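The structure file target_36.txt is reproduced below (compact mmCIF, C-alpha atoms).
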# COMPACT_ATOMS: atom_id res chain seq x y z
CA MET A 27 74.08 73.06 74.51
CA PHE A 28 73.76 75.16 71.34
CA LYS A 29 73.19 74.10 67.75
CA GLY A 30 76.45 74.59 65.88
CA LEU A 31 78.68 74.38 68.96
CA LYS A 32 81.15 71.65 69.93
CA ILE A 33 82.79 71.64 73.35
CA TYR A 34 86.23 70.12 73.81
CA GLY A 35 86.98 69.82 77.51
CA ASN A 36 84.52 70.76 80.24
CA ASP A 37 81.67 73.24 79.86
CA ASP A 38 81.91 74.68 83.38
CA LEU A 39 83.02 78.12 82.22
CA LEU A 40 80.35 78.26 79.53
CA LEU A 41 77.67 77.54 82.12
CA LYS A 42 79.00 80.36 84.31
CA LEU A 43 78.62 82.86 81.47
CA LYS A 44 74.91 82.31 80.84
CA ASP A 45 72.93 85.52 81.45
CA LYS A 46 76.16 87.42 82.09
CA LYS A 47 77.31 90.71 80.50
CA PRO A 48 80.32 90.51 78.12
CA PHE A 49 82.74 93.10 76.77
CA PHE A 50 84.41 92.46 73.40
CA SER A 51 87.83 93.76 72.41
CA CYS A 52 90.20 93.03 69.55
CA VAL A 53 93.96 93.46 69.79
CA ILE A 54 95.64 94.41 66.54
CA ALA A 55 99.27 94.44 65.41
CA THR A 56 101.41 93.97 62.34
CA THR A 57 104.85 92.53 61.75
CA ALA A 58 107.34 92.54 58.91
CA THR A 59 107.03 88.75 59.02
CA SER A 60 103.65 88.91 57.25
CA THR A 61 105.23 90.61 54.22
CA ILE A 62 107.39 87.57 53.49
CA PRO A 63 105.95 86.10 50.27
CA ASN A 64 103.62 83.12 50.84
CA ILE A 65 103.76 83.33 54.64
CA SER A 66 100.27 84.80 55.13
CA GLY A 67 97.02 84.75 53.21
CA ALA A 68 95.49 87.52 55.31
CA GLY A 69 95.50 90.08 52.53
CA ALA A 70 95.20 90.50 48.77
CA SER A 71 99.03 90.45 48.61
CA ALA A 72 101.96 90.15 51.02
CA GLU A 73 102.33 93.94 51.12
CA MET A 74 98.61 94.45 51.79
CA THR A 75 98.76 92.38 54.98
CA GLU A 76 99.97 95.52 56.74
CA TYR A 77 96.53 97.06 56.09
CA THR A 78 94.49 94.07 57.30
CA PRO A 79 94.24 94.84 61.05
CA ALA A 80 93.37 98.49 60.40
CA GLY A 81 90.83 97.46 57.78
CA ASP A 82 89.31 94.90 60.10
CA MET A 83 88.66 97.53 62.77
CA GLU A 84 87.21 99.95 60.23
CA LEU A 85 84.86 97.28 58.89
CA ILE A 86 83.71 96.33 62.38
CA MET A 87 83.08 99.93 63.44
CA TYR A 88 81.98 101.59 60.21
CA GLY A 89 81.14 98.79 57.80
CA LYS A 90 83.58 100.18 55.23
CA LEU A 91 87.30 100.52 54.58
CA LEU A 92 89.03 103.84 55.10
CA CYS A 93 92.71 102.84 55.13
CA CYS A 94 92.68 101.34 51.62
CA ASP A 95 90.36 100.61 48.71
CA ILE A 96 91.26 96.94 48.19
CA PRO A 97 88.90 94.38 49.79
CA ILE A 98 90.32 92.82 52.96
CA GLY A 99 90.31 89.05 53.07
CA THR A 100 92.21 85.97 51.95
CA ALA A 101 93.24 85.56 48.34
CA SER A 102 94.56 82.25 47.00
CA GLU A 103 94.69 80.61 43.61
CA GLY A 104 92.63 83.40 42.07
CA ASP A 105 89.84 83.02 44.62
CA PHE A 106 88.82 85.14 47.59
CA ALA A 107 87.14 84.88 50.99
CA PRO A 108 86.05 87.93 53.00
CA THR A 109 87.74 88.88 56.25
CA PRO A 110 86.29 87.28 59.39
CA ALA A 111 85.88 90.83 60.70
CA MET A 112 82.50 90.74 58.94
CA ILE A 113 81.52 87.78 61.13
CA THR A 114 82.53 89.72 64.21
CA LYS A 115 80.67 92.82 63.05
CA ALA A 116 77.49 90.79 62.52
CA ALA A 117 77.69 89.29 66.02
CA LEU A 118 78.33 92.69 67.61
CA GLU A 119 75.45 94.29 65.69
CA LEU A 120 73.08 91.52 66.75
CA THR A 121 74.03 91.65 70.41
CA ASN A 122 74.85 95.34 70.89
CA VAL A 123 77.80 94.26 73.06
CA PRO A 124 80.33 97.09 73.57
CA PHE A 125 83.47 96.86 71.45
CA LEU A 126 86.94 98.32 71.76
CA ALA A 127 89.96 98.12 69.46
CA ILE A 128 93.36 97.87 71.17
CA ASN A 129 96.40 98.81 69.09
CA ALA A 130 99.48 96.90 70.23
CA GLY A 131 101.68 98.07 67.34
CA CYS A 132 100.62 98.56 63.71
CA LYS A 133 102.44 99.80 60.62
CA VAL A 134 99.09 101.18 59.42
CA ASN A 135 96.80 102.50 62.14
CA PRO A 136 93.02 102.26 61.78
CA ASN A 137 90.92 105.35 61.17
CA THR A 138 88.84 104.47 64.22
CA PRO A 139 88.95 105.13 67.94
CA TYR A 140 91.27 102.70 69.72
CA ILE A 141 93.31 102.26 72.87
CA HIS A 142 96.95 102.89 72.08
CA LEU A 143 99.50 100.60 73.73
CA ASN A 144 102.52 100.85 71.49
CA ASP A 145 103.89 102.79 68.49
CA ILE A 146 106.21 100.16 67.10
CA SER A 147 105.09 97.33 64.82
CA GLY A 148 106.81 93.96 64.91
CA GLY A 149 109.91 93.06 62.95
CA ASN A 150 110.75 90.06 60.80
CA ILE A 151 111.21 87.19 63.24
CA SER A 152 113.87 85.56 61.07
CA THR A 153 116.24 88.29 62.34
CA GLY A 154 115.68 87.24 65.96
CA LYS A 155 114.52 90.81 66.71
CA ALA A 156 110.73 90.80 66.61
CA VAL A 157 109.30 93.04 69.37
CA GLU A 158 111.21 95.94 70.91
CA ASN A 159 109.30 96.46 74.14
CA PRO A 160 107.14 93.46 75.15
CA GLY A 161 107.41 94.21 78.87
CA GLU A 162 106.03 97.73 78.46
CA ILE A 163 103.18 96.51 76.27
CA PHE A 164 102.34 93.91 78.91
CA LYS A 165 102.30 96.43 81.78
CA LYS A 166 100.03 98.86 79.92
CA ALA A 167 97.66 96.09 78.81
CA LYS A 168 97.43 94.82 82.38
CA ILE A 169 96.00 98.20 83.41
CA ILE A 170 93.48 98.07 80.56
CA GLY A 171 92.43 94.53 81.53
CA LYS A 172 91.80 95.70 85.09
CA GLU A 173 89.63 98.58 83.93
CA LEU A 174 87.66 96.58 81.35
CA SER A 175 86.85 93.88 83.88
CA LYS A 176 85.14 96.51 86.05
CA THR A 177 82.54 97.05 83.32
CA SER A 178 81.52 93.47 82.56
CA ASP A 179 81.10 89.89 83.79
CA TYR A 180 83.53 88.42 81.24
CA LEU A 181 85.88 89.59 78.51
CA VAL A 182 85.96 88.26 74.95
CA ILE A 183 89.32 89.08 73.36
CA GLY A 184 90.07 88.66 69.66
CA GLU A 185 93.15 89.40 67.57
CA SER A 186 94.03 90.54 64.08
CA VAL A 187 97.70 89.89 63.28
CA PRO A 188 98.65 88.73 59.76
CA GLY A 189 101.44 86.18 59.86
CA GLY A 190 100.48 85.41 63.44
CA THR A 191 100.61 81.65 63.11
CA THR A 192 104.30 81.96 62.20
CA THR A 193 105.06 84.13 65.21
CA THR A 194 102.99 81.67 67.26
CA LEU A 195 105.19 78.82 66.08
CA GLY A 196 108.20 80.95 66.98
CA VAL A 197 107.17 81.62 70.58
CA LEU A 198 105.89 78.09 71.22
CA THR A 199 109.15 76.65 69.90
CA ALA A 200 111.25 79.11 71.91
CA LEU A 201 109.36 78.15 75.09
CA GLY A 202 110.00 74.46 74.49
CA TYR A 203 106.67 73.28 73.09
CA ASP A 204 106.30 70.81 70.24
CA ALA A 205 104.37 72.92 67.73
CA ASP A 206 105.86 71.75 64.42
CA PHE A 207 103.10 71.15 61.85
CA LYS A 208 100.47 72.07 64.45
CA VAL A 209 99.75 75.78 63.88
CA SER A 210 96.98 76.69 61.49
CA GLY A 211 97.05 79.09 58.53
CA SER A 212 94.79 81.51 56.67
CA SER A 213 95.12 79.94 53.23
CA PRO A 214 94.30 76.45 51.91
CA ASN A 215 98.02 75.69 51.56
CA ASN A 216 99.50 75.76 55.07
CA ARG A 217 103.19 76.45 54.45
CA HIS A 218 104.67 74.62 57.43
CA ASP A 219 107.99 74.30 55.63
CA LEU A 220 108.34 78.06 55.22
CA LYS A 221 107.14 78.80 58.75
CA ASN A 222 109.62 76.34 60.25
CA LYS A 223 112.47 77.79 58.17
CA ILE A 224 111.74 81.35 59.32
CA VAL A 225 111.32 80.33 62.96
CA ASN A 226 114.55 78.32 62.99
CA GLU A 227 116.44 81.27 61.51
CA GLY A 228 115.01 83.59 64.15
CA ILE A 229 115.82 81.32 67.07
CA LYS A 230 119.36 80.84 65.77
CA ASN A 231 119.90 84.57 65.27
CA ALA A 232 118.51 85.33 68.74
CA LYS A 233 120.79 82.66 70.23
CA ILE A 234 117.87 81.07 72.09
CA ASP A 235 118.41 77.66 73.67
CA ILE A 236 115.02 75.98 73.26
CA ASN A 237 116.13 73.27 75.69
CA GLY A 238 116.91 75.87 78.34
CA ASP A 239 114.86 78.06 80.64
CA VAL A 240 113.65 80.75 78.23
CA ASP A 241 111.91 83.82 79.64
CA ALA A 242 108.50 84.61 78.11
CA PHE A 243 109.43 88.18 77.23
CA GLU A 244 112.73 87.02 75.75
CA ALA A 245 110.79 84.66 73.48
CA ILE A 246 108.38 87.42 72.40
CA ALA A 247 111.20 89.89 71.79
CA ALA A 248 113.00 87.38 69.55
CA VAL A 249 110.28 85.60 67.57
CA GLY A 250 106.87 86.88 68.69
CA ASP A 251 104.56 89.76 67.84
CA PRO A 252 103.15 92.77 69.77
CA MET A 253 99.70 91.19 70.21
CA MET A 254 101.06 88.48 72.50
CA PRO A 255 102.21 90.59 75.49
CA ALA A 256 99.11 92.76 75.05
CA ILE A 257 96.62 89.91 75.46
CA ALA A 258 98.75 88.32 78.19
CA GLY A 259 98.55 91.63 80.05
CA LEU A 260 94.78 91.85 79.58
CA ILE A 261 94.44 88.36 81.05
CA PHE A 262 96.55 89.06 84.12
CA GLY A 263 94.82 92.41 84.65
CA SER A 264 91.31 91.00 84.45
CA ASP A 265 89.27 90.04 87.49
CA VAL A 266 86.65 88.25 85.38
CA PRO A 267 86.69 85.14 83.13
CA ILE A 268 88.25 85.38 79.68
CA ILE A 269 87.18 83.95 76.33
CA LEU A 270 90.09 84.08 73.89
CA ALA A 271 88.45 84.54 70.52
CA GLY A 272 90.91 83.04 68.07
CA GLY A 273 92.67 79.98 66.75
CA THR A 274 96.15 78.57 67.24
CA GLN A 275 97.53 82.09 67.75
CA MET A 276 95.86 82.12 71.15
CA THR A 277 97.90 79.07 72.21
CA SER A 278 101.04 81.21 72.15
CA VAL A 279 99.33 83.70 74.46
CA LEU A 280 98.43 80.89 76.87
CA ALA A 281 101.99 79.53 76.74
CA ILE A 282 103.25 83.01 77.64
CA VAL A 283 100.71 83.29 80.46
CA LYS A 284 101.85 79.93 81.85
CA ALA A 285 105.54 80.86 81.59
CA ILE A 286 104.96 84.13 83.46
CA SER A 287 102.74 82.46 86.08
CA ASP A 288 105.23 79.66 86.71
CA LYS A 289 108.04 82.11 87.49
CA ASN A 290 106.17 84.77 89.44
CA ASP A 291 103.96 84.21 92.48
CA ASP A 292 102.29 87.59 91.85
CA TYR A 293 100.93 86.34 88.52
CA ASN A 294 98.98 83.22 89.39
CA ILE A 295 96.51 82.07 86.76
CA ASP A 296 93.53 79.73 86.81
CA PHE A 297 93.10 78.11 83.41
CA GLU A 298 89.59 77.03 84.38
CA ASN A 299 88.58 80.68 83.97
CA ILE A 300 90.06 80.94 80.46
CA ALA A 301 88.88 79.20 77.30
CA ILE A 302 89.52 79.45 73.58
CA ALA A 303 86.54 80.01 71.29
CA THR A 304 87.26 79.38 67.64
CA THR A 305 85.60 78.25 64.44
CA LYS A 306 85.05 74.75 63.15
CA TYR A 307 87.52 75.58 60.40
CA VAL A 308 90.36 75.78 62.94
CA ALA A 309 89.19 72.96 65.19
CA GLU A 310 88.86 70.58 62.24
CA ASP A 311 91.91 71.82 60.32
CA ASN A 312 93.73 68.69 59.17
CA SER A 313 96.91 70.69 58.64
CA ALA A 314 97.07 71.78 62.29
CA ASN A 315 96.36 70.57 65.83
CA ILE A 316 95.17 73.21 68.30
CA PHE A 317 94.18 70.51 70.79
CA ASN A 318 97.65 69.01 71.08
CA ILE A 319 99.19 72.40 71.72
CA THR A 320 96.70 73.40 74.42
CA GLN A 321 97.07 70.03 76.14
CA GLN A 322 100.81 70.64 76.39
CA ILE A 323 100.08 73.94 78.16
CA SER A 324 97.28 72.82 80.49
CA GLU A 325 94.65 70.09 80.45
CA LYS A 326 92.22 72.56 82.04
CA ILE A 327 91.91 74.70 78.90
CA ALA A 328 88.54 74.18 77.18
CA ILE A 329 88.04 74.87 73.48
CA TYR A 330 84.65 75.88 72.08
CA SER A 331 84.23 75.34 68.33
CA VAL A 332 81.50 77.19 66.45
CA ASN A 333 80.17 75.93 63.10
CA PRO A 334 78.54 78.83 61.20
CA GLU A 335 77.28 76.34 58.58
CA PHE A 336 78.55 78.40 55.65
CA GLU A 337 77.65 75.50 53.36
CA LYS A 338 74.07 76.81 53.65
CA SER A 339 75.08 80.26 52.38
CA LYS A 340 74.66 81.43 48.78
CA GLU A 341 77.69 83.70 49.21
CA LYS A 342 80.67 82.16 47.41
CA GLY A 343 83.14 83.96 49.67
CA LEU A 344 81.66 82.27 52.74
CA ASN A 345 81.59 78.93 50.92
CA ASN A 346 85.35 79.32 50.49
CA TYR A 347 85.79 79.00 54.26
CA LEU A 348 84.91 75.33 53.74
CA ARG A 349 87.87 75.06 51.34
CA GLY A 350 90.42 76.19 53.93
CA PHE A 351 90.34 79.95 53.35
CA VAL A 352 90.70 82.32 56.34
CA LYS A 353 89.37 79.95 59.07
CA GLU A 354 89.47 82.51 61.90
CA GLY A 355 90.48 86.04 62.80
CA ALA A 356 89.32 89.34 64.33
CA GLY A 357 87.65 87.34 67.10
CA ALA A 358 85.13 85.68 64.78
CA GLY A 359 84.69 82.38 66.64
CA GLY A 360 84.39 84.04 70.03
CA ALA A 361 82.04 86.70 68.69
CA MET A 362 79.68 84.00 67.37
CA LEU A 363 79.89 82.08 70.65
CA MET A 364 79.11 85.27 72.57
CA ALA A 365 76.03 85.85 70.40
CA MET A 366 74.91 82.26 70.99
CA ILE A 367 75.31 82.63 74.76
CA LEU A 368 73.15 85.77 74.51
CA GLY A 369 70.36 83.83 72.80
CA TYR A 370 70.96 84.13 69.05
CA SER A 371 70.90 81.06 66.84
CA ILE A 372 73.66 80.20 64.41
CA ASP A 373 71.16 80.71 61.56
CA GLU A 374 70.42 84.25 62.75
CA ILE A 375 74.13 84.96 62.99
CA ARG A 376 74.84 83.62 59.48
CA LEU A 377 71.99 85.63 57.95
CA LYS A 378 73.32 88.77 59.64
CA ILE A 379 76.80 88.08 58.24
CA GLU A 380 75.35 87.83 54.74
CA GLU A 381 73.79 91.28 55.10
CA TYR A 382 77.27 92.83 55.14
CA LEU A 383 78.69 91.03 52.09
Represent the structure contained in this file as structure tokens.
Amino acid sequence: MFKGLKIYGNDDLLLKLKDKKPFFSCVIATTATSTIPNISGAGASAEMTEYTPAGDMELIMYGKLLCCDIPIGTASEGDFAPTPAMITKAALELTNVPFLAINAGCKVNPNTPYIHLNDISGGNISTGKAVENPGEIFKKAKIIGKELSKTSDYLVIGESVPGGTTTTLGVLTALGYDADFKVSGSSPNNRHDLKNKIVNEGIKNAKIDINGDVDAFEAIAAVGDPMMPAIAGLIFGSDVPIILAGGTQMTSVLAIVKAISDKNDDYNIDFENIAIATTKYVAEDNSANIFNITQQISEKIAIYSVNPEFEKSKEKGLNNYLRGFVKEGAGAGGAMLMAMILGYSIDEIRLKIEEYL
């Protein structure tokens, strides 16, 4: 259909979106989990991960950092790759699609306009006490989803949550899914051993029976992050199709959506109107398996994988994406897909990305 795009599952939703008007939003949050050494590469150091979501929004809106003066991106083994927020910015600049930041709970708030859902950032999931008020976040986000869907034909929703693949593993495990060694990571060395250790500690401390009937909000409260109930609320509030712009973190959102839908007749969901749009670097990540996870949730979920062909770039930071750095974030995959649907080629998108580096 488009050069640089692979479709896993059916393309029915993609065909529906042609010539339609999108709205792009990015849900941000932080957790104490991301400050655990070696758990996240989404920052120059473990401590700096708390600045990443705020910095991502500032880069997208202003093209510069205001919350800190250290470049935002993934650092590993003395090398660096720029934040995928620059990919999202390029796609939004090309398309002139409206953008909105949604703050679900950050330790460091962005110096930008945003919709405020929650004051409290997430805890360390190893304690079994991760999110204080997931139900309230969900209810507020549901209202926002309803309002946003009045302005557009479909919503593209990204996320920026450092350490989010660990919280994803936590919620998927708590809800009974087999996610071990299947979630992705932002650095070349995907620390499944560390993620599993932290998740197991959290589930034990929260006294969750993973073989029992675990409530979605109970799972989030114990081992999730504030982004999850926020995007779940946006989905249930929306009256238009949804493109989830992210990697394996979006599978936890879909698992939550399914758990809520299964237990409440007022929250029915049609997975044929929801798809994940991600990058090639997640879809072809040998250390993870986004497809297996989504298949466990619903066979109707399509995944769209965008290849930005960074091997053609002269920018070393973009070349590092091919080495396992970053992979996805801040809605990058979905932003590129959105631009492609609106008529821009992957070469035009890549050249625009390079302008901001």
What are the closest atom pairs, with distances in Å to one decimal, for all residues of segment 226-315 of chain A lying within 12 Å of segment 334-340 of chain A? Consider all atoms listed in the file, order rows by chain and residue number, and present the result as a Markdown table.
| residue | atom | partner | partner_atom | distance |
| --- | --- | --- | --- | --- |
| A:Thr304 | CA | A:Pro334 | CA | 10.9 |
| A:Thr305 | CA | A:Pro334 | CA | 7.8 |
| A:Lys306 | CA | A:Pro334 | CA | 7.9 |
| A:Tyr307 | CA | A:Pro334 | CA | 9.6 |
Of the residues A:Leu377, A:Ala107, A:Met253, A:Leu181, which is the one nearest to Phe351 of chain A, using only C-alpha atoms?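 The answer is A:Ala107, which sits nearest to Phe351 of chain A.
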Polymer residues at most 8 Å from Gly184 of chain A, all atoms listed in the file, same-chain spacing of 4 or more positions, as a ChimeraX atom specification: /A:50-53,270-272,355-358,360
Local residues around (81.4, 70.8, 71.7), at most 7 Å away, using all atoms listed in the file, as a count of residues only: 6
Counting all atoms listed in the file, the residue of A:Lys44, A:Ser313, A:Lys166, A:Ile113 that sits nearest His142 of chain A: A:Lys166
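Residue nearest Pro139 of chain A within the list A:Ile183, A:Val209, A:Met87, A:Met74: A:Met87 [criterion: smallest interatomic distance, all atoms listed in the file].
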Is it possible to get the residues within 12 Å of (79.4, 92.9, 80.7) (coordinates as in the file, counting only C-alpha atoms) written as a compact mmCIF listing (two decimals) with C-alpha atoms, in the coordinates of the input?
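Contents of the output file out_19.txt:
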# COMPACT_ATOMS: atom_id res chain seq x y z
CA LEU A 43 78.62 82.86 81.47
CA LYS A 44 74.91 82.31 80.84
CA ASP A 45 72.93 85.52 81.45
CA LYS A 46 76.16 87.42 82.09
CA LYS A 47 77.31 90.71 80.50
CA PRO A 48 80.32 90.51 78.12
CA PHE A 49 82.74 93.10 76.77
CA PHE A 50 84.41 92.46 73.40
CA SER A 51 87.83 93.76 72.41
CA THR A 121 74.03 91.65 70.41
CA ASN A 122 74.85 95.34 70.89
CA VAL A 123 77.80 94.26 73.06
CA PRO A 124 80.33 97.09 73.57
CA PHE A 125 83.47 96.86 71.45
CA LEU A 174 87.66 96.58 81.35
CA SER A 175 86.85 93.88 83.88
CA LYS A 176 85.14 96.51 86.05
CA THR A 177 82.54 97.05 83.32
CA SER A 178 81.52 93.47 82.56
CA ASP A 179 81.10 89.89 83.79
CA TYR A 180 83.53 88.42 81.24
CA LEU A 181 85.88 89.59 78.51
CA VAL A 182 85.96 88.26 74.95
CA VAL A 266 86.65 88.25 85.38
CA PRO A 267 86.69 85.14 83.13
CA ILE A 268 88.25 85.38 79.68
CA MET A 364 79.11 85.27 72.57
CA LEU A 368 73.15 85.77 74.51
May I have the residues within 9 Å of Gly35 of chain A as a short mmCIF file (atom, residue, chain, number, x, y, z; two decimals) with C-alpha atoms, keeping the file's coordinate frame, using all atoms listed in the file and disregarding those fewer than 2 positions away in the same chain?
data_model
loop_
_atom_site.label_atom_id
_atom_site.label_comp_id
_atom_site.auth_asym_id
_atom_site.auth_seq_id
_atom_site.Cartn_x
_atom_site.Cartn_y
_atom_site.Cartn_z
CA ILE A 33 82.79 71.64 73.35
CA ASP A 37 81.67 73.24 79.86
CA GLU A 325 94.65 70.09 80.45
CA LYS A 326 92.22 72.56 82.04
CA ILE A 327 91.91 74.70 78.90
CA ALA A 328 88.54 74.18 77.18
CA ILE A 329 88.04 74.87 73.48
CA TYR A 330 84.65 75.88 72.08
#
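The coordinates place atom CA of Ala248 of chain A at 8.8 Å from atom CA of Ala200 of chain A.
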So how many Å separate atom CA of Ser287 of chain A and atom CA of Gly228 of chain A, to one decimal? 25.2 Å
Go through A:Val134, A:Met83, A:Ala247, A:Ala314 one by one, measure the shortest atom-to-atom distance of each to Pro214 of chain A using only C-alpha atoms, and give the residue with the smallest value.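 Once distances to Pro214 of chain A are computed over only C-alpha atoms, the minimum belongs to A:Ala314.
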Hey, could you patch up segment 238-264 of chain A with N, CA and C atoms and hand it over as a PDB file, in the frame of the given file?
ATOM      1  N   GLY A 238     116.600  75.193  77.090  1.00  0.00           N
ATOM      2  CA  GLY A 238     116.910  75.870  78.340  1.00  0.00           C
ATOM      3  C   GLY A 238     115.691  76.508  78.961  1.00  0.00           C
ATOM      4  N   ASP A 239     115.931  77.378  79.919  1.00  0.00           N
ATOM      5  CA  ASP A 239     114.860  78.060  80.640  1.00  0.00           C
ATOM      6  C   ASP A 239     114.674  79.440  80.015  1.00  0.00           C
ATOM      7  N   VAL A 240     113.826  79.511  78.992  1.00  0.00           N
ATOM      8  CA  VAL A 240     113.650  80.750  78.230  1.00  0.00           C
ATOM      9  C   VAL A 240     112.563  81.610  78.860  1.00  0.00           C
ATOM     10  N   ASP A 241     112.871  82.869  79.095  1.00  0.00           N
ATOM     11  CA  ASP A 241     111.910  83.820  79.640  1.00  0.00           C
ATOM     12  C   ASP A 241     110.849  84.165  78.598  1.00  0.00           C
ATOM     13  N   ALA A 242     109.604  84.334  79.037  1.00  0.00           N
ATOM     14  CA  ALA A 242     108.500  84.610  78.110  1.00  0.00           C
ATOM     15  C   ALA A 242     108.745  85.872  77.296  1.00  0.00           C
ATOM     16  N   PHE A 243     109.219  86.925  77.943  1.00  0.00           N
ATOM     17  CA  PHE A 243     109.430  88.180  77.230  1.00  0.00           C
ATOM     18  C   PHE A 243     110.638  88.098  76.298  1.00  0.00           C
ATOM     19  N   GLU A 244     111.604  87.272  76.650  1.00  0.00           N
ATOM     20  CA  GLU A 244     112.730  87.020  75.750  1.00  0.00           C
ATOM     21  C   GLU A 244     112.244  86.336  74.476  1.00  0.00           C
ATOM     22  N   ALA A 245     111.341  85.371  74.634  1.00  0.00           N
ATOM     23  CA  ALA A 245     110.790  84.660  73.480  1.00  0.00           C
ATOM     24  C   ALA A 245     109.995  85.600  72.583  1.00  0.00           C
ATOM     25  N   ILE A 246     109.166  86.454  73.189  1.00  0.00           N
ATOM     26  CA  ILE A 246     108.380  87.420  72.400  1.00  0.00           C
ATOM     27  C   ILE A 246     109.300  88.384  71.669  1.00  0.00           C
ATOM     28  N   ALA A 247     110.284  88.907  72.380  1.00  0.00           N
ATOM     29  CA  ALA A 247     111.200  89.890  71.790  1.00  0.00           C
ATOM     30  C   ALA A 247     111.920  89.304  70.575  1.00  0.00           C
ATOM     31  N   ALA A 248     112.234  88.018  70.628  1.00  0.00           N
ATOM     32  CA  ALA A 248     113.000  87.380  69.550  1.00  0.00           C
ATOM     33  C   ALA A 248     112.131  86.958  68.384  1.00  0.00           C
ATOM     34  N   VAL A 249     111.028  86.247  68.659  1.00  0.00           N
ATOM     35  CA  VAL A 249     110.280  85.600  67.570  1.00  0.00           C
ATOM     36  C   VAL A 249     108.766  85.715  67.733  1.00  0.00           C
ATOM     37  N   GLY A 250     108.302  86.712  68.480  1.00  0.00           N
ATOM     38  CA  GLY A 250     106.870  86.880  68.690  1.00  0.00           C
ATOM     39  C   GLY A 250     106.297  88.052  67.933  1.00  0.00           C
ATOM     40  N   ASP A 251     105.172  88.568  68.421  1.00  0.00           N
ATOM     41  CA  ASP A 251     104.560  89.760  67.840  1.00  0.00           C
ATOM     42  C   ASP A 251     103.950  90.601  68.961  1.00  0.00           C
ATOM     43  N   PRO A 252     103.622  91.881  68.704  1.00  0.00           N
ATOM     44  CA  PRO A 252     103.150  92.770  69.770  1.00  0.00           C
ATOM     45  C   PRO A 252     101.805  92.384  70.384  1.00  0.00           C
ATOM     46  N   MET A 253     100.987  91.627  69.660  1.00  0.00           N
ATOM     47  CA  MET A 253      99.700  91.190  70.210  1.00  0.00           C
ATOM     48  C   MET A 253      99.869  90.317  71.440  1.00  0.00           C
ATOM     49  N   MET A 254     100.904  89.494  71.451  1.00  0.00           N
ATOM     50  CA  MET A 254     101.060  88.480  72.500  1.00  0.00           C
ATOM     51  C   MET A 254     101.195  89.073  73.898  1.00  0.00           C
ATOM     52  N   PRO A 255     102.132  90.014  74.140  1.00  0.00           N
ATOM     53  CA  PRO A 255     102.210  90.590  75.490  1.00  0.00           C
ATOM     54  C   PRO A 255     100.978  91.419  75.832  1.00  0.00           C
ATOM     55  N   ALA A 256     100.316  91.970  74.803  1.00  0.00           N
ATOM     56  CA  ALA A 256      99.110  92.760  75.050  1.00  0.00           C
ATOM     57  C   ALA A 256      97.988  91.887  75.605  1.00  0.00           C
ATOM     58  N   ILE A 257      97.702  90.764  74.965  1.00  0.00           N
ATOM     59  CA  ILE A 257      96.620  89.910  75.460  1.00  0.00           C
ATOM     60  C   ILE A 257      97.019  89.236  76.770  1.00  0.00           C
ATOM     61  N   ALA A 258      98.282  88.875  76.913  1.00  0.00           N
ATOM     62  CA  ALA A 258      98.750  88.320  78.190  1.00  0.00           C
ATOM     63  C   ALA A 258      98.512  89.328  79.315  1.00  0.00           C
ATOM     64  N   GLY A 259      98.791  90.591  79.062  1.00  0.00           N
ATOM     65  CA  GLY A 259      98.550  91.630  80.050  1.00  0.00           C
ATOM     66  C   GLY A 259      97.076  91.795  80.374  1.00  0.00           C
ATOM     67  N   LEU A 260      96.228  91.761  79.355  1.00  0.00           N
ATOM     68  CA  LEU A 260      94.780  91.850  79.580  1.00  0.00           C
ATOM     69  C   LEU A 260      94.304  90.721  80.489  1.00  0.00           C
ATOM     70  N   ILE A 261      94.835  89.524  80.248  1.00  0.00           N
ATOM     71  CA  ILE A 261      94.440  88.360  81.050  1.00  0.00           C
ATOM     72  C   ILE A 261      94.841  88.538  82.507  1.00  0.00           C
ATOM     73  N   PHE A 262      96.086  88.911  82.740  1.00  0.00           N
ATOM     74  CA  PHE A 262      96.550  89.060  84.120  1.00  0.00           C
ATOM     75  C   PHE A 262      95.888  90.252  84.816  1.00  0.00           C
ATOM     76  N   GLY A 263      95.482  91.259  84.051  1.00  0.00           N
ATOM     77  CA  GLY A 263      94.820  92.410  84.650  1.00  0.00           C
ATOM     78  C   GLY A 263      93.369  92.167  84.989  1.00  0.00           C
ATOM     79  N   SER A 264      92.756  91.227  84.303  1.00  0.00           N
ATOM     80  CA  SER A 264      91.310  91.000  84.450  1.00  0.00           C
ATOM     81  C   SER A 264      90.960  90.306  85.762  1.00  0.00           C
TER      82      SER A 264
END
